[in-house]
>>> print(open('entry-v8.cif').read())   # mmCIF, C-alpha atoms
data_coords
#
loop_
_atom_site.label_atom_id
_atom_site.label_comp_id
_atom_site.auth_asym_id
_atom_site.auth_seq_id
_atom_site.Cartn_x
_atom_site.Cartn_y
_atom_site.Cartn_z
CA MET J 1075 15.00 17.36 -30.05
CA GLU J 1076 13.77 14.73 -27.60
CA TRP J 1077 16.47 15.54 -25.07
CA GLU J 1078 15.80 19.24 -25.62
CA ASN J 1079 12.15 18.70 -24.65
CA ARG J 1080 13.29 16.86 -21.53
CA SER J 1081 15.80 19.53 -20.52
CA HIS J 1082 13.18 22.31 -20.64
CA LEU J 1083 10.48 20.31 -18.84
CA GLU J 1084 9.91 22.00 -15.49
CA GLU J 1085 6.43 20.80 -14.54
CA PHE J 1086 3.71 18.30 -15.36
CA PHE J 1087 -0.01 18.82 -15.75
CA LEU J 1088 -2.08 16.18 -13.93
CA LYS J 1089 -5.28 15.52 -15.86
CA GLY J 1090 -7.11 13.68 -13.07
CA LEU J 1091 -10.86 14.35 -13.28
CA SER J 1092 -10.50 17.68 -15.07
CA GLY J 1093 -13.56 16.98 -17.21
CA TYR J 1094 -15.75 16.15 -14.20
CA PRO J 1095 -15.85 19.17 -11.82
CA GLY J 1096 -18.90 17.79 -9.98
CA LEU J 1097 -17.09 14.54 -9.22
CA GLU J 1098 -14.03 16.46 -8.03
CA ARG J 1099 -16.05 18.24 -5.33
CA LEU J 1100 -17.78 15.01 -4.33
CA PHE J 1101 -14.57 13.02 -4.06
CA PHE J 1102 -12.85 15.86 -2.23
CA VAL J 1103 -15.30 15.37 0.64
CA LEU J 1104 -15.14 11.56 0.52
CA ILE J 1105 -11.36 11.32 0.34
CA LEU J 1106 -10.89 13.96 3.05
CA MET J 1107 -13.13 11.97 5.42
CA MET J 1108 -11.34 8.72 4.59
CA TYR J 1109 -7.94 10.35 5.10
CA ALA J 1110 -8.99 11.59 8.54
CA VAL J 1111 -10.07 8.06 9.51
CA ILE J 1112 -6.76 6.69 8.19
CA LEU J 1113 -4.72 9.09 10.33
CA VAL J 1114 -6.76 8.47 13.48
CA GLY J 1115 -7.05 4.69 13.06
CA ASN J 1116 -3.47 3.96 12.12
CA GLY J 1117 -2.13 6.54 14.55
CA THR J 1118 -4.05 4.82 17.35
CA LEU J 1119 -2.57 1.43 16.44
CA ILE J 1120 0.95 2.89 16.47
CA ILE J 1121 0.39 4.44 19.91
CA LEU J 1122 -1.05 1.18 21.26
CA SER J 1123 1.81 -0.92 19.89
CA ILE J 1124 4.35 1.40 21.55
CA PHE J 1125 2.81 2.08 24.94
CA ASP J 1126 0.87 -1.12 25.74
CA SER J 1127 3.30 -3.74 27.06
CA HIS J 1128 0.89 -6.56 26.14
CA LEU J 1129 1.38 -5.67 22.47
CA HIS J 1130 5.19 -5.83 22.54
CA THR J 1131 5.23 -8.92 20.31
CA PRO J 1132 6.46 -9.54 16.75
CA MET J 1133 2.93 -9.45 15.31
CA TYR J 1134 2.14 -6.03 16.76
CA PHE J 1135 5.60 -4.72 15.91
CA PHE J 1136 4.83 -5.56 12.27
CA LEU J 1137 1.36 -4.07 12.66
CA GLY J 1138 2.86 -0.83 13.97
CA ASN J 1139 5.17 -0.72 10.95
CA LEU J 1140 2.21 -1.38 8.66
CA SER J 1141 0.21 1.45 10.23
CA PHE J 1142 3.15 3.87 9.93
CA LEU J 1143 3.62 2.73 6.34
CA ASP J 1144 -0.04 3.40 5.53
CA ILE J 1145 0.16 6.91 7.01
CA CYS J 1146 3.28 7.65 4.95
CA PHE J 1147 1.76 6.16 1.79
CA THR J 1148 -1.45 8.19 1.98
CA THR J 1149 0.27 11.40 3.13
CA SER J 1150 2.56 11.25 0.10
CA SER J 1151 -0.43 11.53 -2.24
CA ILE J 1152 -3.79 12.41 -0.66
CA PRO J 1153 -3.09 16.03 0.49
CA PHE J 1154 -1.80 16.92 -2.98
CA THR J 1155 -4.81 15.24 -4.62
CA LEU J 1156 -7.24 17.11 -2.36
CA VAL J 1157 -5.64 20.45 -3.24
CA SER J 1158 -5.76 19.63 -6.96
CA PHE J 1159 -9.50 18.84 -6.71
CA LEU J 1160 -10.14 22.45 -5.68
CA SER J 1161 -7.48 24.11 -7.83
CA GLU J 1162 -7.80 25.17 -11.44
CA ARG J 1163 -4.05 24.81 -11.96
CA LYS J 1164 -3.34 21.10 -11.58
CA THR J 1165 0.43 21.08 -11.98
CA ILE J 1166 3.39 19.55 -10.18
CA SER J 1167 7.06 20.38 -10.59
CA PHE J 1168 9.47 17.92 -12.18
CA LEU J 1169 11.23 17.38 -8.85
CA GLY J 1170 7.92 17.14 -7.00
CA CYS J 1171 6.77 14.48 -9.46
CA ALA J 1172 9.96 12.47 -8.88
CA VAL J 1173 9.55 12.67 -5.10
CA GLN J 1174 5.89 11.68 -5.27
CA MET J 1175 6.68 8.73 -7.53
CA PHE J 1176 9.52 7.61 -5.27
CA LEU J 1177 7.45 7.76 -2.08
CA GLY J 1178 4.42 6.01 -3.56
CA LEU J 1179 6.45 3.20 -5.10
CA ALA J 1180 8.63 2.80 -2.00
CA MET J 1181 5.64 2.52 0.32
CA GLY J 1182 3.79 0.13 -2.00
CA THR J 1183 6.81 -2.16 -2.37
CA THR J 1184 7.52 -2.13 1.36
CA GLU J 1185 3.93 -3.11 2.13
CA CYS J 1186 4.12 -6.10 -0.23
CA VAL J 1187 7.28 -7.39 1.46
CA LEU J 1188 6.01 -6.58 4.96
CA LEU J 1189 2.79 -8.53 4.39
CA GLY J 1190 4.94 -11.50 3.41
CA MET J 1191 6.96 -11.17 6.63
CA MET J 1192 3.72 -11.00 8.64
CA ALA J 1193 2.46 -14.17 6.98
CA PHE J 1194 5.68 -15.97 7.92
CA ASP J 1195 5.25 -14.75 11.50
CA ARG J 1196 1.73 -16.24 11.64
CA TYR J 1197 3.02 -19.51 10.14
CA VAL J 1198 5.66 -19.88 12.86
CA ALA J 1199 3.17 -18.92 15.60
CA ILE J 1200 0.63 -21.56 14.56
CA CYS J 1201 2.73 -24.35 13.05
CA ASN J 1202 5.80 -24.11 15.33
CA PRO J 1203 4.52 -22.49 18.56
CA LEU J 1204 7.21 -24.03 20.78
CA ARG J 1205 10.01 -22.59 18.63
CA TYR J 1206 8.27 -19.26 18.07
CA PRO J 1207 10.24 -17.30 20.72
CA LEU J 1208 13.50 -18.61 19.26
CA ILE J 1209 12.71 -18.08 15.58
CA MET J 1210 10.92 -14.75 16.00
CA SER J 1211 13.36 -13.17 18.44
CA LYS J 1212 13.62 -9.39 18.63
CA SER J 1213 16.71 -9.33 16.44
CA SER J 1214 14.91 -11.49 13.86
CA TYR J 1215 11.71 -9.48 13.51
CA VAL J 1216 13.52 -6.13 13.60
CA THR J 1217 15.79 -7.38 10.80
CA MET J 1218 12.76 -8.58 8.81
CA ALA J 1219 11.03 -5.21 9.12
CA THR J 1220 14.22 -3.32 8.27
CA GLY J 1221 14.71 -5.53 5.22
CA SER J 1222 11.17 -4.74 4.08
CA TRP J 1223 11.78 -1.00 4.27
CA PHE J 1224 15.19 -1.29 2.59
CA SER J 1225 13.70 -3.35 -0.27
CA GLY J 1226 11.01 -0.75 -0.87
CA VAL J 1227 13.38 2.21 -0.81
CA ALA J 1228 16.01 0.52 -3.00
CA ASN J 1229 13.49 -0.65 -5.59
CA SER J 1230 11.81 2.73 -5.75
CA ALA J 1231 15.10 4.63 -6.01
CA VAL J 1232 16.24 2.53 -8.98
CA GLN J 1233 12.93 2.65 -10.87
CA THR J 1234 12.32 6.36 -10.23
CA ALA J 1235 15.84 7.27 -11.36
CA PHE J 1236 15.49 5.35 -14.63
CA VAL J 1237 12.00 6.74 -15.39
CA MET J 1238 12.83 10.38 -14.68
CA ARG J 1239 15.85 10.17 -17.00
CA LEU J 1240 13.57 9.37 -19.95
CA PRO J 1241 12.96 12.03 -22.62
CA PHE J 1242 9.28 13.07 -22.56
CA CYS J 1243 7.21 14.24 -25.54
CA GLY J 1244 4.65 16.06 -23.42
CA ASN J 1245 3.84 17.11 -19.90
CA VAL J 1246 0.23 15.93 -19.45
CA ILE J 1247 -0.04 12.96 -17.08
CA ASN J 1248 -3.37 11.18 -17.44
CA HIS J 1249 -3.69 10.51 -13.72
CA PHE J 1250 -4.22 12.15 -10.31
CA LEU J 1251 -0.61 11.57 -9.36
CA CYS J 1252 2.83 10.90 -10.81
CA GLU J 1253 2.12 7.19 -11.05
CA ILE J 1254 5.04 5.40 -12.68
CA LEU J 1255 3.10 3.74 -15.51
CA ALA J 1256 1.30 6.98 -16.39
CA VAL J 1257 4.61 8.88 -16.55
CA MET J 1258 6.29 6.18 -18.65
CA LYS J 1259 3.54 6.52 -21.28
CA MET J 1260 4.82 10.02 -22.10
CA ALA J 1261 8.30 8.81 -23.03
CA CYS J 1262 9.58 9.59 -26.53
CA THR J 1263 11.95 6.65 -26.60
CA ASP J 1264 12.02 2.89 -26.22
CA ILE J 1265 11.06 1.94 -22.64
CA SER J 1266 11.70 -1.80 -22.93
CA GLY J 1267 14.60 -1.45 -20.47
CA ASN J 1268 12.33 0.22 -17.92
CA GLU J 1269 9.69 -2.45 -18.47
CA PHE J 1270 12.27 -5.19 -17.88
CA ILE J 1271 13.41 -3.56 -14.63
CA MET J 1272 9.78 -3.26 -13.57
CA LEU J 1273 9.14 -6.92 -14.41
CA VAL J 1274 12.11 -8.03 -12.31
CA ALA J 1275 11.04 -5.79 -9.43
CA THR J 1276 7.45 -7.02 -9.61
CA THR J 1277 8.64 -10.62 -9.49
CA LEU J 1278 10.97 -10.03 -6.54
CA PHE J 1279 8.93 -7.64 -4.43
CA THR J 1280 5.32 -8.44 -5.29
CA LEU J 1281 5.01 -12.00 -6.58
CA MET J 1282 7.63 -13.56 -4.28
CA PRO J 1283 5.98 -12.15 -1.12
CA LEU J 1284 2.63 -13.31 -2.50
CA LEU J 1285 4.11 -16.80 -2.99
CA LEU J 1286 5.39 -16.73 0.61
CA ILE J 1287 1.91 -15.72 1.78
CA VAL J 1288 0.23 -18.52 -0.20
CA ILE J 1289 2.67 -21.15 1.09
CA SER J 1290 2.42 -19.87 4.68
CA TYR J 1291 -1.37 -19.90 4.72
CA SER J 1292 -1.55 -23.27 3.00
CA LEU J 1293 0.54 -24.71 5.83
CA ILE J 1294 -1.47 -22.75 8.41
CA ILE J 1295 -4.80 -24.04 7.10
CA SER J 1296 -3.44 -27.59 6.99
CA SER J 1297 -2.26 -27.26 10.60
CA ILE J 1298 -5.57 -25.79 11.76
CA LEU J 1299 -7.57 -28.59 10.15
CA ASN J 1300 -5.49 -31.12 12.09
CA ILE J 1301 -6.54 -29.58 15.41
CA ARG J 1302 -9.16 -31.84 16.92
CA SER J 1303 -11.12 -29.43 19.10
CA ALA J 1304 -13.41 -26.82 17.54
CA GLU J 1305 -12.30 -24.30 20.17
CA GLY J 1306 -8.65 -24.86 19.27
CA ARG J 1307 -9.36 -24.41 15.56
CA SER J 1308 -11.32 -21.22 16.22
CA LYS J 1309 -8.53 -19.78 18.40
CA ALA J 1310 -5.84 -20.63 15.85
CA PHE J 1311 -7.84 -19.14 13.00
CA SER J 1312 -8.56 -15.93 14.93
CA THR J 1313 -4.82 -15.24 15.28
CA CYS J 1314 -4.34 -14.93 11.52
CA SER J 1315 -7.79 -14.01 10.15
CA ALA J 1316 -7.18 -10.24 10.36
CA HIS J 1317 -3.90 -10.41 8.44
CA PHE J 1318 -5.42 -12.77 5.87
CA THR J 1319 -8.30 -10.33 5.31
CA VAL J 1320 -5.86 -7.44 4.78
CA VAL J 1321 -3.87 -9.53 2.28
CA ILE J 1322 -7.02 -10.32 0.28
CA ILE J 1323 -8.00 -6.64 0.12
CA PHE J 1324 -4.47 -5.46 -0.77
CA TYR J 1325 -3.62 -8.01 -3.44
CA GLY J 1326 -7.20 -8.31 -4.67
CA THR J 1327 -7.29 -4.61 -5.49
CA ILE J 1328 -3.89 -4.77 -7.21
CA LEU J 1329 -4.91 -7.73 -9.36
CA PHE J 1330 -8.23 -6.11 -10.28
CA MET J 1331 -6.57 -2.82 -11.17
CA TYR J 1332 -3.63 -4.06 -13.25
CA MET J 1333 -4.88 -7.36 -14.70
CA LYS J 1334 -8.41 -6.57 -15.80
CA PRO J 1335 -8.86 -6.61 -19.61
CA LYS J 1336 -8.79 -3.31 -21.44
CA SER J 1337 -11.88 -2.40 -23.45
CA LYS J 1338 -11.49 -1.71 -27.16
CA ASP J 1339 -14.67 0.36 -27.33
CA LYS J 1340 -13.51 3.87 -28.19
CA HIS J 1341 -16.95 5.46 -27.74
CA ASN J 1342 -16.86 5.15 -23.94
CA ALA J 1343 -13.08 5.27 -23.59
CA ASN J 1344 -13.18 8.49 -21.56
CA ASP J 1345 -15.66 7.03 -19.07
CA LEU J 1346 -13.56 3.88 -18.72
CA ASP J 1347 -10.44 5.98 -18.31
CA ALA J 1348 -12.06 7.96 -15.49
CA THR J 1349 -13.21 4.71 -13.89
CA ASP J 1350 -9.66 3.31 -13.97
CA LYS J 1351 -8.31 6.43 -12.30
CA LEU J 1352 -10.98 6.32 -9.59
CA ILE J 1353 -10.19 2.65 -8.91
CA SER J 1354 -6.52 3.57 -8.63
CA MET J 1355 -7.32 6.39 -6.20
CA PHE J 1356 -9.49 4.20 -3.97
CA TYR J 1357 -6.81 1.51 -4.03
CA GLY J 1358 -4.50 4.09 -2.45
CA VAL J 1359 -6.89 4.71 0.45
CA MET J 1360 -8.90 1.52 0.87
CA THR J 1361 -6.20 -0.73 2.39
CA PRO J 1362 -4.89 1.96 4.81
CA LEU J 1363 -8.50 2.67 5.76
CA MET J 1364 -9.44 -0.96 6.36
CA ASN J 1365 -6.29 -2.09 8.20
CA PRO J 1366 -7.03 -0.46 11.59
CA LEU J 1367 -10.72 -1.34 11.36
CA ILE J 1368 -9.99 -5.01 10.67
CA TYR J 1369 -7.33 -5.34 13.35
CA SER J 1370 -9.38 -3.50 15.98
CA LEU J 1371 -12.68 -5.24 15.29
CA ARG J 1372 -11.29 -8.76 15.05
CA ASN J 1373 -8.57 -8.70 17.69
CA LYS J 1374 -9.19 -9.09 21.42
CA ASP J 1375 -5.71 -7.80 22.35
CA VAL J 1376 -6.24 -4.54 20.45
CA LYS J 1377 -9.72 -4.11 21.93
CA GLU J 1378 -8.32 -4.58 25.43
CA ALA J 1379 -5.47 -2.15 24.70
CA ILE J 1380 -8.00 0.46 23.50
CA LYS J 1381 -9.98 0.05 26.74
CA ASN J 1382 -6.78 0.47 28.78
CA LEU J 1383 -5.84 3.58 26.79
CA LYS J 1384 -9.30 5.08 27.35
CA GLY J 1385 -8.97 4.34 31.07
CA ARG J 1386 -5.65 6.15 31.23
CA LEU J 1387 -6.97 9.16 29.34
CA LEU J 1388 -10.02 9.36 31.62
CA GLY J 1389 -7.87 8.92 34.72
CA LYS J 1390 -9.47 5.62 35.78
#
>>> encode(input="entry-v8.cif", output="structure tokens")
Amino acid sequence: MEWENRSHLEEFFLKGLSGYPGLERLFFVLILMMYAVILVGNGTLIILSIFDSHLHTPMYFFLGNLSFLDICFTTSSIPFTLVSFLSERKTISFLGCAVQMFLGLAMGTTECVLLGMMAFDRYVAICNPLRYPLIMSKSSYVTMATGSWFSGVANSAVQTAFVMRLPFCGNVINHFLCEILAVMKMACTDISGNEFIMLVATTLFTLMPLLLIVISYSLIISSILNIRSAEGRSKAFSTCSAHFTVVIIFYGTILFMYMKPKSKDKHNANDLDATDKLISMFYGVMTPLMNPLIYSLRNKDVKEAIKNLKGRLLGK
């Protein structure tokens, strides 16, 4: 019977904020505005990293990848969410759910690994500046970025394939999107195998990059503190402060979302459930929204590139 349910399952119903129509209209406006800023901000960084010769360095190559990644990540989910806010029929096909899950997980995994690669780049730049051109050659940083994307795609393909093969006892997903944990909760069978695969993937592609980031910045901070001049310390810190801020926002949101204790109070369970889903939604837009703002506001090279781009557009 379980496999019969699975074989006839053609679509899922996404619960989202179905019980809060007022909030749906409010968040439609907010998320639409944030999505527009994400596209413009990250699109501008991609254009600058391609056409400004001063930004043809490993750091800005990674930043261009990060901006493209953020556009892909948000585009895989936000347009669908916006449509569902205004639609009475909040459904997604079985295949559409699989694609959405794959893209979201692939982009999230890639960003974790890419942030680790960016931390290593900052470590080499500050702690081994004389060897930086040798260590971070074009072949090296292109390989690092390619490896990040391959890791994300491979991990997502494996996890999505195993989850979508599960027999499901219903078709109501208690989320805005086909988020992997929300889909797994509908399974009619033992999911310990899926949980083990997820644990291994989390260790390899989330915790290991985080460990690399912690080690890199520990060495960076130690190196900066050994610089005698205040001007030298300030200059060294400014080269990695933007990336460090992005890391705090990205991993801080993940830790808050997945590691906060669950309440046992059943009387306000629905309100807490809605709060969890809203936190998850803002997690999906906050980091892509903040990345271009942080890198443009705290980076002299990007500011100068923006001025040059404006000059070209105005014909000056």
>>> atom_distance(input="entry-v8.cif", atom1="CA of Phe1087 (chain J)", atom2="CA of Ile1265 (chain J)")
21.3 Å
>>> closest_residue(input="entry-v8.cif", among="J:Leu1367, J:Ile1200, J:Ala1235, J:Leu1255", to="Ser1312 (chain J)", atoms="all atoms listed in the file")
J:Ile1200
>>> resolve_selection(input="entry-v8.cif", expression="the PyMOL selection byres ((chain J and resi 1320-1325) around 12)", output="CSV table (one decimal) with C-alpha atoms, in the frame of the given file")
chain,number,residue,atom,x,y,z
J,1137,LEU,CA,1.4,-4.1,12.7
J,1140,LEU,CA,2.2,-1.4,8.7
J,1144,ASP,CA,0.0,3.4,5.5
J,1182,GLY,CA,3.8,0.1,-2.0
J,1183,THR,CA,6.8,-2.2,-2.4
J,1185,GLU,CA,3.9,-3.1,2.1
J,1186,CYS,CA,4.1,-6.1,-0.2
J,1187,VAL,CA,7.3,-7.4,1.5
J,1188,LEU,CA,6.0,-6.6,5.0
J,1189,LEU,CA,2.8,-8.5,4.4
J,1190,GLY,CA,4.9,-11.5,3.4
J,1191,MET,CA,7.0,-11.2,6.6
J,1192,MET,CA,3.7,-11.0,8.6
J,1193,ALA,CA,2.5,-14.2,7.0
J,1280,THR,CA,5.3,-8.4,-5.3
J,1281,LEU,CA,5.0,-12.0,-6.6
J,1283,PRO,CA,6.0,-12.2,-1.1
J,1284,LEU,CA,2.6,-13.3,-2.5
J,1285,LEU,CA,4.1,-16.8,-3.0
J,1286,LEU,CA,5.4,-16.7,0.6
J,1287,ILE,CA,1.9,-15.7,1.8
J,1288,VAL,CA,0.2,-18.5,-0.2
J,1291,TYR,CA,-1.4,-19.9,4.7
J,1314,CYS,CA,-4.3,-14.9,11.5
J,1315,SER,CA,-7.8,-14.0,10.2
J,1316,ALA,CA,-7.2,-10.2,10.4
J,1317,HIS,CA,-3.9,-10.4,8.4
J,1318,PHE,CA,-5.4,-12.8,5.9
J,1319,THR,CA,-8.3,-10.3,5.3
J,1326,GLY,CA,-7.2,-8.3,-4.7
J,1327,THR,CA,-7.3,-4.6,-5.5
J,1328,ILE,CA,-3.9,-4.8,-7.2
J,1329,LEU,CA,-4.9,-7.7,-9.4
J,1330,PHE,CA,-8.2,-6.1,-10.3
J,1331,MET,CA,-6.6,-2.8,-11.2
J,1332,TYR,CA,-3.6,-4.1,-13.2
J,1333,MET,CA,-4.9,-7.4,-14.7
J,1356,PHE,CA,-9.5,4.2,-4.0
J,1357,TYR,CA,-6.8,1.5,-4.0
J,1358,GLY,CA,-4.5,4.1,-2.4
J,1359,VAL,CA,-6.9,4.7,0.4
J,1360,MET,CA,-8.9,1.5,0.9
J,1361,THR,CA,-6.2,-0.7,2.4
J,1362,PRO,CA,-4.9,2.0,4.8
J,1363,LEU,CA,-8.5,2.7,5.8
J,1364,MET,CA,-9.4,-1.0,6.4
J,1365,ASN,CA,-6.3,-2.1,8.2
J,1366,PRO,CA,-7.0,-0.5,11.6
J,1367,LEU,CA,-10.7,-1.3,11.4
J,1368,ILE,CA,-10.0,-5.0,10.7
J,1369,TYR,CA,-7.3,-5.3,13.4
J,1372,ARG,CA,-11.3,-8.8,15.0
>>> resolve_selection(input="entry-v8.cif", expression="the PyMOL selection byres ((chain J and resi 1174) around 8)", output="list in words")
Ser1150, Ser1151, Gly1170, Cys1171, Ala1172, Val1173, Met1175, Phe1176, Leu1177, Gly1178, Leu1251 and Cys1252 of chain J
>>> residues_around(input="entry-v8.cif", residues="region 1154-1164 of chain J", least_positions_apart="6", cutoff="6 Å", atoms="all atoms listed in the file", output="list in words")
Phe1087, Leu1088, Glu1098 and Phe1102 of chain J
>>> atom_distance(input="entry-v8.cif", atom1="CA of Val1232 (chain J)", atom2="CA of Ala1256 (chain J)")
17.3 Å
>>> resolve_selection(input="entry-v8.cif", expression="the PyMOL selection byres ((chain J and resi 1123) around 12)", output="compact mmCIF listing (two decimals) with C-alpha atoms, in the frame of the given file")
# COMPACT_ATOMS: atom_id res chain seq x y z
CA ASN J 1116 -3.47 3.96 12.12
CA GLY J 1117 -2.13 6.54 14.55
CA THR J 1118 -4.05 4.82 17.35
CA LEU J 1119 -2.57 1.43 16.44
CA ILE J 1120 0.95 2.89 16.47
CA ILE J 1121 0.39 4.44 19.91
CA LEU J 1122 -1.05 1.18 21.26
CA ILE J 1124 4.35 1.40 21.55
CA PHE J 1125 2.81 2.08 24.94
CA ASP J 1126 0.87 -1.12 25.74
CA SER J 1127 3.30 -3.74 27.06
CA HIS J 1128 0.89 -6.56 26.14
CA LEU J 1129 1.38 -5.67 22.47
CA HIS J 1130 5.19 -5.83 22.54
CA THR J 1131 5.23 -8.92 20.31
CA PRO J 1132 6.46 -9.54 16.75
CA MET J 1133 2.93 -9.45 15.31
CA TYR J 1134 2.14 -6.03 16.76
CA PHE J 1135 5.60 -4.72 15.91
CA PHE J 1136 4.83 -5.56 12.27
CA LEU J 1137 1.36 -4.07 12.66
CA GLY J 1138 2.86 -0.83 13.97
CA ASN J 1139 5.17 -0.72 10.95
CA LEU J 1140 2.21 -1.38 8.66
CA SER J 1141 0.21 1.45 10.23
CA PHE J 1142 3.15 3.87 9.93
CA ASP J 1375 -5.71 -7.80 22.35
CA VAL J 1376 -6.24 -4.54 20.45
CA ALA J 1379 -5.47 -2.15 24.70
CA ILE J 1380 -8.00 0.46 23.50
CA LEU J 1383 -5.84 3.58 26.79
>>> build_atoms(input="entry-v8.cif", residues="region 1156-1169 of chain J", atoms="N, CA, C and O atoms", output="short mmCIF file (atom, residue, chain, number, x, y, z; two decimals), in the coordinates of the input")
data_model
loop_
_atom_site.label_atom_id
_atom_site.label_comp_id
_atom_site.auth_asym_id
_atom_site.auth_seq_id
_atom_site.Cartn_x
_atom_site.Cartn_y
_atom_site.Cartn_z
N LEU J 1156 -6.15 16.29 -2.87
CA LEU J 1156 -7.24 17.11 -2.36
C LEU J 1156 -7.10 18.56 -2.82
O LEU J 1156 -8.08 19.20 -3.21
N VAL J 1157 -5.87 19.08 -2.78
CA VAL J 1157 -5.64 20.45 -3.24
C VAL J 1157 -5.93 20.57 -4.74
O VAL J 1157 -6.56 21.56 -5.18
N SER J 1158 -5.53 19.57 -5.51
CA SER J 1158 -5.76 19.63 -6.96
C SER J 1158 -7.24 19.57 -7.31
O SER J 1158 -7.66 20.12 -8.32
N PHE J 1159 -8.05 18.90 -6.47
CA PHE J 1159 -9.50 18.84 -6.71
C PHE J 1159 -10.11 20.24 -6.68
O PHE J 1159 -11.08 20.51 -7.40
N LEU J 1160 -9.58 21.11 -5.84
CA LEU J 1160 -10.14 22.45 -5.68
C LEU J 1160 -9.40 23.51 -6.47
O LEU J 1160 -9.79 24.69 -6.47
N SER J 1161 -8.31 23.14 -7.11
CA SER J 1161 -7.48 24.11 -7.83
C SER J 1161 -7.71 24.01 -9.34
O SER J 1161 -7.89 22.92 -9.89
N GLU J 1162 -7.68 25.15 -9.99
CA GLU J 1162 -7.80 25.17 -11.44
C GLU J 1162 -6.47 24.80 -12.10
O GLU J 1162 -6.44 24.26 -13.19
N ARG J 1163 -5.39 25.11 -11.43
CA ARG J 1163 -4.05 24.81 -11.96
C ARG J 1163 -3.55 23.51 -11.34
O ARG J 1163 -3.08 23.47 -10.21
N LYS J 1164 -3.68 22.42 -12.10
CA LYS J 1164 -3.34 21.10 -11.58
C LYS J 1164 -1.95 20.69 -12.08
O LYS J 1164 -1.82 19.84 -12.96
N THR J 1165 -0.94 21.33 -11.53
CA THR J 1165 0.43 21.08 -11.98
C THR J 1165 1.30 20.62 -10.81
O THR J 1165 0.97 20.86 -9.65
N ILE J 1166 2.39 19.97 -11.17
CA ILE J 1166 3.39 19.55 -10.18
C ILE J 1166 4.76 19.71 -10.81
O ILE J 1166 4.93 19.45 -12.01
N SER J 1167 5.72 20.16 -10.05
CA SER J 1167 7.06 20.38 -10.59
C SER J 1167 7.71 19.04 -10.95
O SER J 1167 7.30 17.98 -10.49
N PHE J 1168 8.75 19.12 -11.77
CA PHE J 1168 9.47 17.92 -12.18
C PHE J 1168 10.05 17.20 -10.96
O PHE J 1168 9.92 15.99 -10.81
N LEU J 1169 10.66 17.97 -10.06
CA LEU J 1169 11.23 17.38 -8.85
C LEU J 1169 10.13 16.84 -7.94
O LEU J 1169 10.26 15.75 -7.36
#
